[in-house]
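Below you'll find the structure, written out as structure tokens, and then a few comments.
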Amino acid sequence: MTTKAEKVMVLGIDAPIVPRLVRLAREGELPTLGKLLAEGVFAPNCLSPLPTITPPNWTTIATGAWPGTHGITDFNGYIPGDPLDKTHQNFDARESRAEHLWTAAERVGKRSILVNYPTSWHANLKEGWQIGGNGLHVNDIRLGVPHSMFNLNNLSEHFLLSTEPYPFANEVTWTKATGWDGIDHSPRALEAVVPLKLRKTLHTLAPITWYLLVDGTAGKGYDTVSVARSKKQGDVYARLRVGEWTRNIYDTFETDTGPRKAVFRMKLLELAPDAEKFRLFVPGLCSLHGWAVPPELEQEITSEEGMPLVRPPYDAWLMEWIDPKTLVESSDLHNIWLADASLYLLKNKPWDLYFTHIHTPDGMYHAISVDLDPATGRNATLREEMQRSDVEQYQSVDRLLGKLVSGADEKTLVVVVSDHGAKAKMADFNVNRILAGAGLLSYLPAEDGKPPKVDWGRTRAFGQRTVHIYINTKGRDPDGIVEPGAAYEKVREEVIKTLHEYVDPATGLKPIVLALKREDARILGHCDERSGDILYAVDPRFYKEHGPHLPTAQVGIGDLRSLFIMAGPGVKKGVTLERTVWLTDVVPTVCHLAELPIPHQCEGAILYQALEDPDAQVKELQSLRRNVDRLKRMVERPPMC
């Protein structure tokens, strides 16, 4: 008989550097992952489609289909017939042309839980529960957001109050403290009135003003700050010393859509004895509304140790608002909240499949990878600090995974998977700069302070999104100038020749490792007009942490290969699977082990080499047939006299 998995957990980690992660797990730094490696199968050659980027590859994991089939072909989507420079972010599940595993499972009455799974908003679960999916984090909103804004914050992302002019900080200027009702302070206490400036908010907030009071012991300088929404005793949020975090604080804020309850924390990063230097960090006003299906679920989820962040404050580190320790602590707040929300659902709701996505490693590498990787030649002392932070962020993820798998039993299949890996940002790369240099793309004269606009009347080719180039074709594109047919093909060949021959003047290297016509890019999983007329891949010594790079790319400590660990019923134990595993293979393998219907457009294969007995279902079928034959013979035998 086969050992059927009765429940399935798909635990997603975004952008881990897999060799680092696995080494730390085997060395005991990540006990949950170490246990799963010992009890299951690990595939070091797990590969994603191109581009190595979030929405298309999490969609592939959930559907078993390639991007050309499910239609989520990049981080941003393009609607054929739109202007070539008009795109939108791909976080709407309705744009997928392939059936998701959770929908297929509903056909046989199975119920799913989705927690922060990208491109799952509007999943339309018939019987199930969903948190997030509209972006990369629970309160990160991407649907309907202009690409120029990139994302909006369900209430407010992180902000800083400071006496120094940090970028985008809220300015603090001290004056003598007066008028504090019921709050004792010394005659030398100082105060500041700070009207908060909040960026990229989804909802228009009524003006928010915070009141600060700094005081200290006579002769020793200022050492404490009180933060309040008014100067009345009952309105004091917190009293802090340097290095301290508050506990969770709850308040309601007025918006153009009505009152919104939020949770937030503060950390006092700096307070000089003379108060000349002061920094107070808030990792966001985290909305407690607008991220759950059904909406009443928002009233059930509680977490006293974590918060549903818009996103961990990676740019705050880059702007030097915060130190690496605070960055990791902030990321941990989000991971704790995901664990608490998930455990509540796993323990209190009936479920058969659970999907989650943990984005913190991806954001961490966008922030620290340049300083982390020796290949970039950056400061060695800072590198040691970044390596510690890297380990700590993985430990936070491992603690989250530990809480999640505590909700599993011996009949639960656990799959830990990633959409891609990561590397350090290296030499600059801009495909449209190459096209412009070859006379294939032209710009109008630049206006002061504004980016140049494309001169479509003189542009034959345009690089769009991460790996796509479109030929500006007459009759197809709004401003097309290239005749379809022979002229179109000639331009495509010219573009490919230009890409392959281009040498980067700063490095002397050729950044393009692959350039294919769309019909040839079927080998990469692309095949229709949601993909470019030409697709290309970039040498990992160029560009950012992931995206236009092949899924096999490696440079420095970076590695773009995906993570795949599977443990549970019917799976081999402690085995390293050297064969190539594609992300398309996750769904059919899960369906095989859990006896679930295959999603209609699934294109992957069952990973038979990962199974304890690859022939188990064949043997069971043969056994059933033998028993049917025995019963048939018994029924057909003449009655005994």
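Note on naming: chains are A, B, ... as they come in the structure tokens, residues start from 1 per chain, ligands start from 1 in the order shown.
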
List every residue of range 290-488 of chain A that DSSP, applied to the backbone, labels as helix (DSSP H, G or I), and write the result as a PDB file with C-alpha atoms, in the first residue's frame.
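The resulting states36.pdb:
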ATOM      1  CA  LEU A 297     -10.473  36.810   9.985  1.00  0.00           C
ATOM      2  CA  GLU A 298      -8.641  40.066  10.792  1.00  0.00           C
ATOM      3  CA  GLN A 299     -10.454  40.204  14.123  1.00  0.00           C
ATOM      4  CA  GLU A 300      -9.295  36.705  15.050  1.00  0.00           C
ATOM      5  CA  TYR A 314      15.869  47.586   4.074  1.00  0.00           C
ATOM      6  CA  ASP A 315      16.067  51.097   2.644  1.00  0.00           C
ATOM      7  CA  ALA A 316      16.306  52.447   6.198  1.00  0.00           C
ATOM      8  CA  TRP A 317      19.590  50.556   6.518  1.00  0.00           C
ATOM      9  CA  LEU A 318      20.793  51.905   3.175  1.00  0.00           C
ATOM     10  CA  PRO A 324      22.147  45.976  11.029  1.00  0.00           C
ATOM     11  CA  LYS A 325      20.904  44.726  14.408  1.00  0.00           C
ATOM     12  CA  THR A 326      17.757  46.842  14.117  1.00  0.00           C
ATOM     13  CA  LEU A 327      17.267  45.674  10.539  1.00  0.00           C
ATOM     14  CA  VAL A 328      17.299  42.022  11.628  1.00  0.00           C
ATOM     15  CA  GLU A 329      15.078  42.751  14.632  1.00  0.00           C
ATOM     16  CA  SER A 330      12.533  44.467  12.380  1.00  0.00           C
ATOM     17  CA  SER A 331      12.534  41.546   9.947  1.00  0.00           C
ATOM     18  CA  ASP A 332      12.031  39.208  12.883  1.00  0.00           C
ATOM     19  CA  LEU A 333       8.912  41.136  13.935  1.00  0.00           C
ATOM     20  CA  HIS A 334       7.316  40.287  10.587  1.00  0.00           C
ATOM     21  CA  ASN A 335       8.406  36.641  10.721  1.00  0.00           C
ATOM     22  CA  ILE A 336       6.980  36.276  14.235  1.00  0.00           C
ATOM     23  CA  TRP A 337       3.664  37.712  13.074  1.00  0.00           C
ATOM     24  CA  LEU A 338       3.526  35.310  10.115  1.00  0.00           C
ATOM     25  CA  ALA A 339       4.186  32.413  12.489  1.00  0.00           C
ATOM     26  CA  ASP A 340       1.515  33.506  14.978  1.00  0.00           C
ATOM     27  CA  ALA A 341      -1.102  34.129  12.273  1.00  0.00           C
ATOM     28  CA  SER A 342      -0.319  30.820  10.571  1.00  0.00           C
ATOM     29  CA  LEU A 343      -0.373  28.784  13.777  1.00  0.00           C
ATOM     30  CA  TYR A 344      -3.742  30.261  14.692  1.00  0.00           C
ATOM     31  CA  LEU A 345      -5.158  29.151  11.349  1.00  0.00           C
ATOM     32  CA  LEU A 346      -3.473  25.746  11.398  1.00  0.00           C
ATOM     33  CA  LYS A 347      -4.819  25.013  14.876  1.00  0.00           C
ATOM     34  CA  ASN A 348      -8.292  26.531  14.569  1.00  0.00           C
ATOM     35  CA  THR A 360      12.718  38.635   4.397  1.00  0.00           C
ATOM     36  CA  PRO A 361      15.853  36.971   2.907  1.00  0.00           C
ATOM     37  CA  ASP A 362      15.196  38.611  -0.473  1.00  0.00           C
ATOM     38  CA  GLY A 363      14.941  42.065   1.033  1.00  0.00           C
ATOM     39  CA  MET A 364      17.952  41.445   3.235  1.00  0.00           C
ATOM     40  CA  TYR A 365      20.118  40.577   0.228  1.00  0.00           C
ATOM     41  CA  HIS A 366      18.911  43.660  -1.626  1.00  0.00           C
ATOM     42  CA  ALA A 367      20.232  45.635   1.356  1.00  0.00           C
ATOM     43  CA  ILE A 368      23.449  43.890   2.421  1.00  0.00           C
ATOM     44  CA  SER A 369      24.733  41.592  -0.346  1.00  0.00           C
ATOM     45  CA  VAL A 370      27.215  44.131  -1.739  1.00  0.00           C
ATOM     46  CA  ASP A 371      28.850  44.409   1.686  1.00  0.00           C
ATOM     47  CA  LEU A 372      28.436  40.693   2.410  1.00  0.00           C
ATOM     48  CA  PRO A 374      34.031  39.307  -0.706  1.00  0.00           C
ATOM     49  CA  ALA A 375      33.822  39.331  -4.523  1.00  0.00           C
ATOM     50  CA  THR A 376      32.711  42.974  -4.444  1.00  0.00           C
ATOM     51  CA  ALA A 380      36.250  43.638   5.342  1.00  0.00           C
ATOM     52  CA  THR A 381      35.170  44.815   8.819  1.00  0.00           C
ATOM     53  CA  LEU A 382      31.686  45.640   7.589  1.00  0.00           C
ATOM     54  CA  ARG A 383      31.618  42.273   5.820  1.00  0.00           C
ATOM     55  CA  GLU A 384      32.009  40.449   9.141  1.00  0.00           C
ATOM     56  CA  GLU A 385      29.073  42.405  10.547  1.00  0.00           C
ATOM     57  CA  MET A 386      26.980  41.622   7.473  1.00  0.00           C
ATOM     58  CA  GLN A 387      27.807  37.926   7.735  1.00  0.00           C
ATOM     59  CA  ARG A 388      26.543  37.919  11.321  1.00  0.00           C
ATOM     60  CA  SER A 389      23.377  39.689  10.202  1.00  0.00           C
ATOM     61  CA  ASP A 390      22.949  37.164   7.390  1.00  0.00           C
ATOM     62  CA  VAL A 391      23.102  34.268   9.845  1.00  0.00           C
ATOM     63  CA  GLU A 392      20.700  36.018  12.219  1.00  0.00           C
ATOM     64  CA  GLN A 393      18.108  36.639   9.503  1.00  0.00           C
ATOM     65  CA  TYR A 394      18.259  32.967   8.491  1.00  0.00           C
ATOM     66  CA  GLN A 395      17.846  31.995  12.137  1.00  0.00           C
ATOM     67  CA  SER A 396      14.719  34.150  12.281  1.00  0.00           C
ATOM     68  CA  VAL A 397      13.369  32.323   9.224  1.00  0.00           C
ATOM     69  CA  ASP A 398      14.292  28.970  10.765  1.00  0.00           C
ATOM     70  CA  ARG A 399      12.404  29.811  13.969  1.00  0.00           C
ATOM     71  CA  LEU A 400       9.380  30.693  11.840  1.00  0.00           C
ATOM     72  CA  LEU A 401       9.648  27.388   9.973  1.00  0.00           C
ATOM     73  CA  GLY A 402       9.975  25.555  13.289  1.00  0.00           C
ATOM     74  CA  LYS A 403       6.686  26.999  14.490  1.00  0.00           C
ATOM     75  CA  LEU A 404       4.992  26.108  11.219  1.00  0.00           C
ATOM     76  CA  VAL A 405       6.113  22.478  11.112  1.00  0.00           C
ATOM     77  CA  VAL A 431      19.642  47.071 -21.999  1.00  0.00           C
ATOM     78  CA  ASN A 432      18.051  50.233 -23.395  1.00  0.00           C
ATOM     79  CA  ARG A 433      21.396  52.003 -23.156  1.00  0.00           C
ATOM     80  CA  ILE A 434      22.795  49.272 -25.431  1.00  0.00           C
ATOM     81  CA  LEU A 435      19.896  49.625 -27.875  1.00  0.00           C
ATOM     82  CA  ALA A 436      20.226  53.407 -27.904  1.00  0.00           C
ATOM     83  CA  GLY A 437      23.961  53.167 -28.542  1.00  0.00           C
ATOM     84  CA  TRP A 456       8.694  56.313 -30.703  1.00  0.00           C
ATOM     85  CA  GLY A 457       8.862  57.743 -34.219  1.00  0.00           C
ATOM     86  CA  ARG A 458      12.562  56.807 -34.346  1.00  0.00           C
ATOM     87  CA  ALA A 486      10.793  40.651 -43.315  1.00  0.00           C
ATOM     88  CA  ALA A 487      11.535  44.065 -41.777  1.00  0.00           C
ATOM     89  CA  TYR A 488      10.482  42.820 -38.333  1.00  0.00           C
TER      90      TYR A 488
END

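The neighbours of range 499-512 of chain A here are the residues that come within 10 Å of it, using only C-alpha atoms and leaving out any residue fewer than 4 positions away in the same chain; they are A:Ala427, A:Asp428, A:Phe429, A:Asn430, A:Val431, A:Ile434, A:Leu435, A:Gly437, A:Ala438, A:Glu493, A:Glu494, A:Val495, A:Tyr536, A:Ala537, A:Val538, A:Asp539, A:Pro540, A:Arg541, A:Phe542, A:Tyr543, A:Pro548, A:His549.
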
Item to check | Selection: 8 Å around Tyr237 in chain A, only C-alpha atoms, excl. self and same-chain fewer than 6 positions, as a PyMOL selection string | outcome: chain A and resi 226-229+249

Using the selection just defined, write its residues with C-alpha atoms as a short mmCIF file (atom, residue, chain, number, x, y, z; two decimals), in the first residue's frame.
data_model
loop_
_atom_site.label_atom_id
_atom_site.label_comp_id
_atom_site.auth_asym_id
_atom_site.auth_seq_id
_atom_site.Cartn_x
_atom_site.Cartn_y
_atom_site.Cartn_z
CA SER A 226 8.66 59.89 26.20
CA VAL A 227 6.55 59.68 23.04
CA ALA A 228 2.91 60.71 23.12
CA ARG A 229 -0.01 61.68 20.89
CA ILE A 249 1.29 49.63 20.75
#

Checklist entry - Quick one: residues within 10 Å of range 63-66 of chain A, only C-alpha atoms counted, chain neighbours fewer than 6 positions away excluded, as a ChimeraX atom specification? => result /A:48-50,56-57,72-73,96-104,522,524-527,582-589,598-605

Checklist entry - Asp533 in chain A: which residues within 8 Å, counting only C-alpha atoms, same-chain residues fewer than 3 positions away excluded, as a VMD selection string? => result chain A and resid 468 to 471 492 517 to 518 529

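Coordinates place CA of Lys231 in chain A at a distance of 20.2 Å from CA of Arg279 in chain A.
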
Next on the checklist: What's around Asn154 in chain A at 8 Å? Count only C-alpha atoms, leave out sequence neighbours fewer than 6 positions away in its own chain, and write the answer as a VMD selection string.
Outcome noted: chain A and resid 139 to 141 201 to 203 286 to 287 290 310

Residues just named, written with all heavy atoms as a PDB file, in the first residue's frame:
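Done, and the output landed in part_2.pdb:
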ATOM      1  N   ASN A 139       1.068  43.930   4.499  1.00  0.00           N
ATOM      2  CA  ASN A 139       0.494  45.261   4.291  1.00  0.00           C
ATOM      3  C   ASN A 139       1.106  45.996   3.103  1.00  0.00           C
ATOM      4  O   ASN A 139       0.942  47.212   2.965  1.00  0.00           O
ATOM      5  CB  ASN A 139       0.636  46.097   5.560  1.00  0.00           C
ATOM      6  CG  ASN A 139      -0.533  45.893   6.509  1.00  0.00           C
ATOM      7  OD1 ASN A 139      -1.687  46.041   6.129  1.00  0.00           O
ATOM      8  ND2 ASN A 139      -0.240  45.522   7.749  1.00  0.00           N
ATOM      9  N   ASP A 140       1.784  45.271   2.249  1.00  0.00           N
ATOM     10  CA  ASP A 140       2.389  45.812   1.031  1.00  0.00           C
ATOM     11  C   ASP A 140       1.375  45.676  -0.106  1.00  0.00           C
ATOM     12  O   ASP A 140       0.975  44.565  -0.457  1.00  0.00           O
ATOM     13  CB  ASP A 140       3.666  45.014   0.736  1.00  0.00           C
ATOM     14  CG  ASP A 140       4.310  45.383  -0.583  1.00  0.00           C
ATOM     15  OD1 ASP A 140       4.147  46.522  -1.030  1.00  0.00           O
ATOM     16  OD2 ASP A 140       4.994  44.517  -1.161  1.00  0.00           O
ATOM     17  N   ILE A 141       0.943  46.804  -0.671  1.00  0.00           N
ATOM     18  CA  ILE A 141      -0.129  46.803  -1.665  1.00  0.00           C
ATOM     19  C   ILE A 141       0.469  47.076  -3.045  1.00  0.00           C
ATOM     20  O   ILE A 141       1.119  48.096  -3.261  1.00  0.00           O
ATOM     21  CB  ILE A 141      -1.193  47.860  -1.339  1.00  0.00           C
ATOM     22  CG1 ILE A 141      -1.698  47.684   0.094  1.00  0.00           C
ATOM     23  CG2 ILE A 141      -2.329  47.798  -2.346  1.00  0.00           C
ATOM     24  CD1 ILE A 141      -2.318  46.337   0.386  1.00  0.00           C
ATOM     25  N   THR A 201       1.340  56.310   1.198  1.00  0.00           N
ATOM     26  CA  THR A 201       0.266  55.644   1.926  1.00  0.00           C
ATOM     27  C   THR A 201      -0.906  55.363   0.993  1.00  0.00           C
ATOM     28  O   THR A 201      -1.280  56.198   0.169  1.00  0.00           O
ATOM     29  CB  THR A 201      -0.204  56.513   3.105  1.00  0.00           C
ATOM     30  OG1 THR A 201      -0.591  57.794   2.608  1.00  0.00           O
ATOM     31  CG2 THR A 201       0.908  56.688   4.124  1.00  0.00           C
ATOM     32  N   LEU A 202      -1.482  54.182   1.124  1.00  0.00           N
ATOM     33  CA  LEU A 202      -2.645  53.806   0.326  1.00  0.00           C
ATOM     34  C   LEU A 202      -3.841  54.680   0.682  1.00  0.00           C
ATOM     35  O   LEU A 202      -4.592  55.106  -0.184  1.00  0.00           O
ATOM     36  CB  LEU A 202      -2.975  52.330   0.557  1.00  0.00           C
ATOM     37  CG  LEU A 202      -4.220  51.780  -0.130  1.00  0.00           C
ATOM     38  CD1 LEU A 202      -4.048  51.802  -1.645  1.00  0.00           C
ATOM     39  CD2 LEU A 202      -4.517  50.357   0.348  1.00  0.00           C
ATOM     40  N   HIS A 203      -4.013  54.941   1.968  1.00  0.00           N
ATOM     41  CA  HIS A 203      -5.122  55.755   2.450  1.00  0.00           C
ATOM     42  C   HIS A 203      -4.592  57.131   2.857  1.00  0.00           C
ATOM     43  O   HIS A 203      -3.501  57.241   3.417  1.00  0.00           O
ATOM     44  CB  HIS A 203      -5.792  55.088   3.650  1.00  0.00           C
ATOM     45  CG  HIS A 203      -6.158  53.657   3.411  1.00  0.00           C
ATOM     46  ND1 HIS A 203      -7.234  53.291   2.637  1.00  0.00           N
ATOM     47  CD2 HIS A 203      -5.575  52.505   3.823  1.00  0.00           C
ATOM     48  CE1 HIS A 203      -7.308  51.974   2.593  1.00  0.00           C
ATOM     49  NE2 HIS A 203      -6.315  51.473   3.293  1.00  0.00           N
ATOM     50  N   CYS A 286       1.292  49.458  11.242  1.00  0.00           N
ATOM     51  CA  CYS A 286       0.871  48.233  10.554  1.00  0.00           C
ATOM     52  C   CYS A 286      -0.636  48.069  10.652  1.00  0.00           C
ATOM     53  O   CYS A 286      -1.173  47.803  11.741  1.00  0.00           O
ATOM     54  CB  CYS A 286       1.582  47.017  11.155  1.00  0.00           C
ATOM     55  SG  CYS A 286       3.370  47.191  11.191  1.00  0.00           S
ATOM     56  N   SER A 287      -1.305  48.218   9.540  1.00  0.00           N
ATOM     57  CA  SER A 287      -2.762  48.133   9.516  1.00  0.00           C
ATOM     58  C   SER A 287      -3.234  46.748   9.938  1.00  0.00           C
ATOM     59  O   SER A 287      -2.651  45.725   9.557  1.00  0.00           O
ATOM     60  CB  SER A 287      -3.283  48.458   8.115  1.00  0.00           C
ATOM     61  OG  SER A 287      -4.686  48.327   8.075  1.00  0.00           O
ATOM     62  N   GLY A 290      -7.719  44.942   5.942  1.00  0.00           N
ATOM     63  CA  GLY A 290      -7.492  44.999   4.509  1.00  0.00           C
ATOM     64  C   GLY A 290      -6.604  43.926   3.936  1.00  0.00           C
ATOM     65  O   GLY A 290      -6.217  44.015   2.774  1.00  0.00           O
ATOM     66  N   VAL A 310       4.534  46.470   6.464  1.00  0.00           N
ATOM     67  CA  VAL A 310       4.479  46.745   5.035  1.00  0.00           C
ATOM     68  C   VAL A 310       5.667  46.061   4.373  1.00  0.00           C
ATOM     69  O   VAL A 310       5.541  45.368   3.366  1.00  0.00           O
ATOM     70  CB  VAL A 310       4.519  48.264   4.779  1.00  0.00           C
ATOM     71  CG1 VAL A 310       4.669  48.551   3.291  1.00  0.00           C
ATOM     72  CG2 VAL A 310       3.260  48.912   5.322  1.00  0.00           C
TER      73      VAL A 310
END
